[in-house]
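Peer 1: You'll find coords_2.txt just under this line, and it carries compact mmCIF, C-alpha atoms and all ligand atoms.
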```txt
# COMPACT_ATOMS: atom_id res chain seq x y z
CA MET I 866 95.85 50.36 98.32
CA ASP I 867 92.31 51.69 98.28
CA GLY I 868 92.31 54.38 100.94
CA GLN I 869 89.29 55.95 102.54
CA VAL I 870 88.88 59.69 101.88
CA ILE I 871 87.25 61.76 104.63
CA ALA I 872 86.31 65.43 104.20
CA VAL I 873 86.16 67.32 107.50
CA ILE I 874 83.74 70.24 107.20
CA SER I 875 81.62 72.71 109.16
CA GLY I 876 79.09 75.44 108.54
CA LYS I 877 80.57 77.96 110.95
CA GLY I 878 84.29 78.64 111.41
CA GLY I 879 86.45 77.80 114.41
CA THR I 880 84.54 74.67 115.45
CA GLY I 881 87.68 72.51 115.72
CA LYS I 882 88.17 70.95 112.27
CA THR I 883 91.93 71.44 112.18
CA SER I 884 92.34 70.14 115.75
CA PHE I 885 90.17 67.13 114.87
CA CYS I 886 92.09 66.36 111.67
CA SER I 887 95.50 66.42 113.31
CA GLY I 888 94.33 64.47 116.38
CA VAL I 889 92.59 61.70 114.46
CA ALA I 890 95.34 61.47 111.83
CA VAL I 891 98.02 60.91 114.49
CA ALA I 892 95.76 58.41 116.29
CA LEU I 893 95.29 56.45 113.04
CA CYS I 894 99.06 56.41 112.44
CA ALA I 895 99.56 55.03 115.96
CA VAL I 896 97.47 52.00 115.03
CA GLY I 897 99.43 51.35 111.85
CA GLU I 898 97.50 53.28 109.20
CA LYS I 899 99.23 55.29 106.45
CA VAL I 900 97.66 58.73 106.53
CA LEU I 901 97.73 61.72 104.20
CA LEU I 902 96.42 64.94 105.71
CA ILE I 903 95.41 67.55 103.15
CA ASP I 904 95.00 71.17 104.19
CA ALA I 905 92.27 72.55 101.91
CA ASP I 906 92.08 75.96 103.56
CA CYS I 907 93.59 78.11 100.78
CA GLY I 908 95.06 81.34 102.04
CA LEU I 909 94.48 80.38 105.69
CA ARG I 910 96.25 77.08 106.14
CA SER I 911 96.90 76.04 109.72
CA LEU I 912 97.57 72.30 109.90
CA ASP I 913 101.28 73.02 109.46
CA ILE I 914 101.27 75.14 112.64
CA VAL I 915 99.32 72.60 114.71
CA LEU I 916 101.68 69.84 113.57
CA GLY I 917 104.87 71.87 114.06
CA MET I 918 105.76 71.75 110.33
CA SER I 919 105.43 75.39 109.21
CA ASP I 920 108.93 75.60 107.73
CA ARG I 921 108.79 72.27 105.90
CA LEU I 922 105.94 72.50 103.42
CA LEU I 923 107.21 73.94 100.13
CA PHE I 924 104.70 72.66 97.58
CA SER I 925 100.91 72.67 97.79
CA TYR I 926 98.26 70.37 96.36
CA ALA I 927 97.87 72.95 93.54
CA ASP I 928 101.53 72.28 92.57
CA VAL I 929 100.75 68.55 92.35
CA ILE I 930 97.65 69.20 90.22
CA LYS I 931 99.55 71.58 87.93
CA ASP I 932 102.45 69.08 87.62
CA ASN I 933 105.00 71.39 89.23
CA CYS I 934 106.06 68.49 91.46
CA SER I 935 105.10 64.92 92.33
CA LEU I 936 102.65 63.93 95.08
CA LYS I 937 105.56 62.34 96.94
CA GLU I 938 107.58 65.57 96.86
CA ALA I 939 104.69 67.74 98.01
CA ALA I 940 103.28 65.41 100.70
CA VAL I 941 105.93 65.94 103.38
CA LYS I 942 106.68 63.34 106.05
CA HIS I 943 105.98 64.43 109.59
CA PRO I 944 109.29 64.75 111.49
CA ILE I 945 108.13 62.55 114.39
CA VAL I 946 104.88 60.74 113.57
CA ARG I 947 105.60 57.67 111.44
CA ASN I 948 103.33 57.08 108.45
CA LEU I 949 101.95 60.63 108.44
CA ARG I 950 102.35 62.93 105.45
CA VAL I 951 100.96 66.44 105.07
CA LEU I 952 99.98 68.12 101.80
CA THR I 953 99.36 71.81 102.27
CA ALA I 954 96.98 74.26 100.60
CA PRO I 955 98.13 76.95 98.16
CA SER I 956 98.86 80.14 100.07
CA SER I 957 96.90 82.19 97.52
CA ILE I 958 93.12 82.13 97.38
CA ASP I 959 93.23 82.80 93.61
CA ILE I 960 95.28 79.67 92.94
CA GLY I 961 92.84 77.63 95.04
CA ALA I 962 89.89 79.05 93.10
CA SER I 963 91.46 78.11 89.75
CA ILE I 964 91.32 74.39 90.54
CA THR I 965 88.35 72.42 89.23
CA ALA I 966 86.32 69.70 90.97
CA GLU I 967 87.60 67.20 88.36
CA GLU I 968 91.22 68.06 89.21
CA ILE I 969 90.50 67.60 92.93
CA SER I 970 88.83 64.26 92.26
CA ALA I 971 91.82 63.05 90.20
CA LEU I 972 94.22 64.13 92.98
CA LEU I 973 92.23 62.21 95.60
CA GLN I 974 92.17 59.14 93.37
CA ARG I 975 95.98 59.18 93.24
CA ALA I 976 96.15 59.69 97.00
CA ARG I 977 93.88 56.67 97.60
CA GLU I 978 96.46 54.47 95.90
CA HIS I 979 99.22 55.34 98.38
CA PHE I 980 97.45 55.85 101.72
CA THR I 981 94.92 53.94 103.80
CA PHE I 982 93.30 57.18 105.03
CA VAL I 983 93.20 60.59 103.36
CA ILE I 984 91.81 63.28 105.67
CA ILE I 985 90.93 66.69 104.29
CA ASP I 986 90.88 69.73 106.56
CA CYS I 987 88.38 71.95 104.74
CA PRO I 988 87.71 75.63 105.29
CA ALA I 989 84.41 76.48 106.99
CA GLY I 990 81.33 77.03 104.86
CA PHE I 991 80.04 76.10 101.46
CA GLY I 992 82.77 77.36 99.09
CA PRO I 993 83.64 75.60 95.82
CA GLU I 994 86.78 73.96 97.27
CA VAL I 995 84.72 72.43 100.07
CA MET I 996 82.19 71.10 97.59
CA GLY I 997 84.99 69.84 95.32
CA PHE I 998 86.73 67.94 98.11
CA ALA I 999 83.54 66.71 99.80
CA GLY I 1000 82.05 65.68 96.45
CA ALA I 1001 85.03 63.43 95.75
CA ALA I 1002 85.32 62.02 99.30
CA ASP I 1003 83.93 58.72 100.59
CA ARG I 1004 82.49 60.26 103.71
CA ALA I 1005 82.28 63.58 105.55
CA VAL I 1006 82.67 64.48 109.18
CA VAL I 1007 80.88 67.64 110.26
CA VAL I 1008 82.49 69.24 113.31
CA SER I 1009 80.30 71.45 115.48
CA THR I 1010 80.39 72.92 118.94
CA PRO I 1011 77.32 72.33 121.14
CA ASP I 1012 75.57 75.62 120.52
CA TYR I 1013 72.63 76.27 118.26
CA THR I 1014 74.38 78.67 115.87
CA SER I 1015 77.13 76.17 115.14
CA LEU I 1016 74.62 73.29 114.99
CA ARG I 1017 72.50 75.12 112.46
CA GLY I 1018 75.63 75.46 110.30
CA ALA I 1019 76.26 71.72 110.77
CA GLN I 1020 72.72 70.88 109.71
CA ARG I 1021 72.97 73.10 106.61
CA ILE I 1022 76.32 71.79 105.42
CA GLY I 1023 75.29 68.20 106.17
CA GLU I 1024 72.20 68.73 104.03
CA GLN I 1025 74.29 70.26 101.27
CA VAL I 1026 76.75 67.36 101.01
CA THR I 1027 74.10 64.66 101.31
CA GLY I 1028 72.16 66.50 98.57
CA GLY I 1029 75.40 66.24 96.55
CA GLY I 1030 75.23 62.45 96.86
CA LEU I 1031 77.47 61.74 99.89
CA GLU I 1032 75.76 59.11 102.05
CA LYS I 1033 78.13 58.73 104.97
CA VAL I 1034 77.97 62.04 106.83
CA LYS I 1035 78.45 62.11 110.59
CA LEU I 1036 78.70 64.63 113.37
CA VAL I 1037 81.55 65.23 115.80
CA LEU I 1038 80.56 67.35 118.74
CA ASN I 1039 83.59 69.30 119.95
CA ARG I 1040 84.29 71.37 123.07
CA VAL I 1041 81.66 69.54 125.10
CA ARG I 1042 81.54 70.67 128.73
CA ALA I 1043 79.92 68.15 131.03
CA GLY I 1044 79.53 70.68 133.85
CA MET I 1045 77.52 73.01 131.62
CA ILE I 1046 75.34 70.14 130.36
CA ASP I 1047 74.69 69.10 133.98
CA THR I 1048 73.48 72.58 134.89
CA GLY I 1049 71.37 72.86 131.73
CA ASN I 1050 73.55 75.67 130.37
CA SER I 1051 74.79 73.78 127.33
CA VAL I 1052 72.99 71.87 124.60
CA ASN I 1053 73.13 68.18 125.52
CA ILE I 1054 74.32 65.47 123.14
CA ASP I 1055 70.89 64.20 122.08
CA ALA I 1056 69.58 67.70 121.44
CA ALA I 1057 72.71 68.48 119.41
CA MET I 1058 72.19 65.42 117.21
CA ASP I 1059 68.58 66.45 116.67
CA ALA I 1060 69.53 70.02 115.79
CA ALA I 1061 72.21 68.93 113.32
CA ASN I 1062 70.04 66.07 112.04
CA LEU I 1063 73.14 63.88 111.89
CA ALA I 1064 74.26 60.65 113.55
CA LEU I 1065 77.17 60.96 115.93
CA LEU I 1066 80.71 59.77 115.18
CA GLY I 1067 82.23 61.14 118.38
CA VAL I 1068 82.28 63.59 121.25
CA VAL I 1069 85.38 65.62 122.09
CA PRO I 1070 85.51 67.44 125.42
CA GLU I 1071 86.74 70.95 126.02
CA ASP I 1072 90.43 70.38 126.77
CA SER I 1073 92.96 73.12 127.46
CA ASP I 1074 95.74 70.80 126.23
CA ILE I 1075 94.49 71.45 122.67
CA ILE I 1076 95.10 75.17 123.11
CA ALA I 1077 98.41 74.75 124.94
CA CYS I 1078 99.83 72.26 122.42
CA GLY I 1079 98.69 74.44 119.49
CA ASN I 1080 100.53 77.42 120.95
CA LEU I 1081 103.68 75.47 121.77
CA GLY I 1082 103.85 73.71 118.37
CA ARG I 1083 103.49 70.34 120.09
CA VAL I 1084 101.56 67.39 118.70
CA LEU I 1085 98.63 66.92 121.13
CA MET I 1086 98.55 63.16 120.74
CA LEU I 1087 102.21 62.88 121.83
CA HIS I 1088 102.05 65.30 124.76
CA SER I 1089 98.65 64.91 126.41
CA GLN I 1090 96.75 62.30 128.35
CA GLY I 1091 93.64 64.48 128.45
CA GLY I 1092 90.06 63.92 127.36
CA ALA I 1093 90.52 65.19 123.78
CA ARG I 1094 93.40 62.81 123.14
CA GLN I 1095 91.31 59.84 124.32
CA ALA I 1096 88.34 61.01 122.25
CA PHE I 1097 90.48 61.22 119.09
CA ASP I 1098 91.82 57.70 119.77
CA ASN I 1099 88.26 56.39 120.07
CA ILE I 1100 87.13 58.15 116.89
CA ALA I 1101 90.11 56.73 114.97
CA ARG I 1102 89.12 53.23 116.04
CA ARG I 1103 85.52 53.85 115.01
CA LEU I 1104 86.68 55.06 111.59
CA LYS I 1105 88.55 51.76 111.26
CA GLY I 1106 85.26 49.97 111.86
CA GLU I 1107 85.88 48.88 115.48
CA ARG I 1108 83.01 48.99 117.93
CA VAL I 1109 84.05 51.52 120.55
CA ARG I 1110 81.66 53.12 122.98
CA LEU I 1111 81.30 56.85 122.35
CA LEU I 1112 82.77 58.01 125.63
CA GLU I 1113 85.01 55.03 126.46
CA ASN I 1114 87.66 56.32 128.89
CA VAL I 1115 86.94 59.93 127.87
CA ARG I 1116 87.31 62.41 130.71
CA LEU I 1117 84.65 65.02 130.03
CA ARG I 1118 85.86 67.50 132.61
CA ASP I 1119 88.81 69.76 131.78
CA LYS I 1120 91.48 70.29 134.43
N1 LIG M 1201 88.19 70.49 122.32
C1 LIG M 1201 88.76 71.70 122.42
N2 LIG M 1201 89.04 72.22 123.65
C2 LIG M 1201 89.62 73.45 123.75
N3 LIG M 1201 89.96 74.21 122.70
C3 LIG M 1201 89.70 73.76 121.47
C4 LIG M 1201 89.09 72.48 121.25
N4 LIG M 1201 88.97 72.30 119.92
C5 LIG M 1201 89.48 73.39 119.33
N5 LIG M 1201 89.92 74.28 120.24
C6 LIG M 1201 90.50 75.61 119.99
O1 LIG M 1201 89.59 76.33 119.19
C7 LIG M 1201 90.27 77.10 118.21
C8 LIG M 1201 89.73 76.73 116.83
O2 LIG M 1201 90.08 75.38 116.56
P1 LIG M 1201 90.46 74.90 115.10
O3 LIG M 1201 91.49 75.79 114.49
O4 LIG M 1201 90.75 73.45 115.19
O5 LIG M 1201 89.06 75.16 114.38
P2 LIG M 1201 88.73 75.15 112.82
O6 LIG M 1201 87.35 74.62 112.68
O7 LIG M 1201 89.80 74.44 112.07
O8 LIG M 1201 88.76 76.70 112.46
P3 LIG M 1201 88.64 77.34 110.98
O9 LIG M 1201 87.18 77.26 110.61
O10 LIG M 1201 89.12 78.73 111.16
O11 LIG M 1201 89.50 76.51 110.06
C9 LIG M 1201 91.75 76.82 118.38
O12 LIG M 1201 92.32 77.85 119.11
C10 LIG M 1201 91.79 75.52 119.17
O13 LIG M 1201 92.93 75.45 120.00
MG MG M 1202 90.90 75.06 110.39
```
Once more with this new file: its structure as structure tokens, please.
Ligand SMILES: Nc1ncnc2c1ncn2[C@@H]1O[C@H](COP(=O)(O)OP(=O)(O)OP(=O)(O)O)[C@@H](O)[C@H]1O
Ligand SMILES: [Mg+2]

Peer 2:
Amino acid sequence: MDGQVIAVISGKGGTGKTSFCSGVAVALCAVGEKVLLIDADCGLRSLDIVLGMSDRLLFSYADVIKDNCSLKEAAVKHPIVRNLRVLTAPSSIDIGASITAEEISALLQRAREHFTFVIIDCPAGFGPEVMGFAGAADRAVVVSTPDYTSLRGAQRIGEQVTGGGLEKVKLVLNRVRAGMIDTGNSVNIDAAMDAANLALLGVVPEDSDIIACGNLGRVLMLHSQGGARQAFDNIARRLKGERVRLLENVRLRDK
């Protein structure tokens, strides 16, 4: 196998990276892909909560790198979603900081051999782990909300990773509210692309199902028919190389 490695990044925090990673990973599994989700947020991991797996993840990617266990042991199968495995971050920031970019690159190379997609949920900002993971990835997705502070962060981090040699860097605009765009109270999609200076991979609407599912420990993609779920399905198909219109079937208005 020669899997595709995608680093999911942002300049500012709380833009929706973790929600994006879990949504798109489950959508890819639903169309037959074998997906490894890596939580790279040392000390603040959260994918396990969003995916209802908090009590299952014993080993982290640092344990795999340090040979405390195998990749297969550490990358735990999701209890419901077929073909999805999750590899969590070390709970200590110090352990995360002790890992080199070369070690991260070697880990991702091993992961490529076993999975068709490897999706990395990075912490916000420009820290060394982010640069290590993004530097060894095949492409990056920058997640931003449609406001100028978040978009400036998107532009800066996009610039940083393209400067590091990554060519395929795209924007996902999250928490888009059509009503606010209509009234001129939110940045519209074209203006957001201009501000971030990135091409668009997808648009995800504001959707209260994301918040509800996160709080109930439910997998969004299995419990919602809302706009975000449809947007994640579309983005997964685009990542597979299908031609899907940006907003195909996406309901942009929250309930
Ligand atoms: N499209 C959306 N509609 C409504 N709420 C959303 C949406 N996307 C994310 N959220 C909510 O925003 C919050 C932050 O989302 P998330 O944890 O995915 O962001 P993050 O970028 O991973 O944050 P961090 O930088 O801290 O890792 C969560 O409470 C989540 O439920
Ligand atoms: Mg996160």

Peer 1: What does the distance between CA of Leu893 (chain I) and CA of Gln974 (chain I) come to in Å, to one decimal place?

Peer 2: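 A separation of 20.1 Å between them.
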
Peer 1: Would you give me, as a Markdown table, each residue of region 970-1070 of chain I having an atom within 10 Å of an atom of region 931-946 of chain I, along with its shortest atom pair and that distance in Å to one decimal, using only C-alpha atoms and sorting by chain and residue number?

Peer 2:
```
| residue | atom | partner | partner_atom | distance |
| --- | --- | --- | --- | --- |
| I:Leu972 | CA | I:Leu936 | CA | 8.7 |
| I:Arg975 | CA | I:Leu936 | CA | 8.4 |
| I:Ala976 | CA | I:Leu936 | CA | 8.0 |
| I:His979 | CA | I:Lys937 | CA | 9.6 |
```

Peer 1: Give the residues close to ligand MG 1202 (chain M), within 9 Å, counting only C-alpha atoms and all ligand atoms; write them as a list in words.

Peer 2: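 Using only C-alpha atoms and all ligand atoms, everything at most 9 Å from ligand MG 1202 (chain M) comes to Gly878, Gly879, Thr880, Gly881, Lys882, Thr883, Ser884, Cys886, Asp904, Ala905, Asp906, Leu909, Arg910, Ser911, Leu912, Asp986, Cys987, Pro988 and Ala989 of chain I.
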
Peer 1: Restricting the calculation to all atoms listed in the file: of I:Ala1056, I:Ile960, I:Leu1063, I:Val915, which residue gets closest to ligand LIG 1201 (chain M)?

Peer 2: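 Among I:Ala1056, I:Ile960, I:Leu1063, I:Val915, it is I:Val915 that comes nearest to ligand LIG 1201 (chain M).
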
Peer 1: How many Å lie between atom O7 of ligand LIG 1201 (chain M) and CA of Thr1048 (chain I), rounded to one decimal?

Peer 2: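 Interatomic distance, atom O7 of ligand LIG 1201 (chain M) to CA of Thr1048 (chain I): 28.1 Å.
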
Peer 1: So the first atom is CA of Asn948 (chain I) and the second is CA of Lys1105 (chain I); what is the distance between them in Å, to one decimal place?

Peer 2: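 Interatomic distance here is 16.0 Å.
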
Peer 1: Give the answer as one residue: which of I:Ala890, I:Ala954, I:Ile874, I:Ala1101 has the shortest atom-to-atom distance to ligand LIG 1201 (chain M), using all atoms listed in the file?

Peer 2: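 Smallest separation from ligand LIG 1201 (chain M) among the options: I:Ile874.
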
Peer 1: Got a sec: who's within 10 Å of Arg1110 (chain I), counting only C-alpha atoms, leaving out chain neighbours fewer than 4 positions off, as a PyMOL selection string?

Peer 2: chain I and resi 1067+1099-1100+1103+1114-1115

Peer 1: Hey, which of I:Gly1028, I:Gly1092, I:Gly1000, I:Gly908 ends up closest to Ser956 (chain I)? Count only C-alpha atoms.

Peer 2: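 For Ser956 (chain I), the nearest of the candidates is I:Gly908.
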
Peer 1: Compile the contact shell of Ala1096 (chain I) as a PyMOL selection string: residues with an atom at most 12 Å away, counting only C-alpha atoms, same-chain residues fewer than 3 positions apart removed.

Peer 2: chain I and resi 884-885+888-889+892+1037-1041+1066-1072+1085-1086+1089-1093+1099-1103+1109-1117

Peer 1: What's the 9 Å shell around Glu978 (chain I), counting all atoms listed in the file, without same-chain residues fewer than 6 positions away, as a ChimeraX atom specification?

Peer 2: /I:866-868

Peer 1: Between I:Leu1031, I:Ala1001, I:Cys907, I:Ala1064, which is the closest to ligand LIG 1201 (chain M) once you count all atoms listed in the file?

Peer 2: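 Among the listed residues, the smallest separation from ligand LIG 1201 (chain M) belongs to I:Cys907.
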
Peer 1: Using only C-alpha atoms for the distances, tell me which of I:Ala971, I:Leu922, I:Lys877, I:Ser887 is nearest to Gly990 (chain I).

Peer 2: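 Using only C-alpha atoms, Gly990 (chain I) sits closest to I:Lys877.
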
Peer 1: Pick the closest to ligand LIG 1201 (chain M) from I:Gly876, I:Gly1049, I:Pro993, I:Gly1018: which is it, counting only C-alpha atoms and all ligand atoms?

Peer 2: I:Gly876

Peer 1: Using the file's own x, y and z axes, what box holds all listed atoms of region 1063-1067 of chain I with 6 Å on each side, keeping edges along x, y and z, and what are its centre and edge lengths in Å to one decimal, as JSON?

Peer 2:
```
{"center_x": 77.7, "center_y": 61.8, "center_z": 115.1, "size_x": 21.1, "size_y": 16.1, "size_z": 18.5}
```
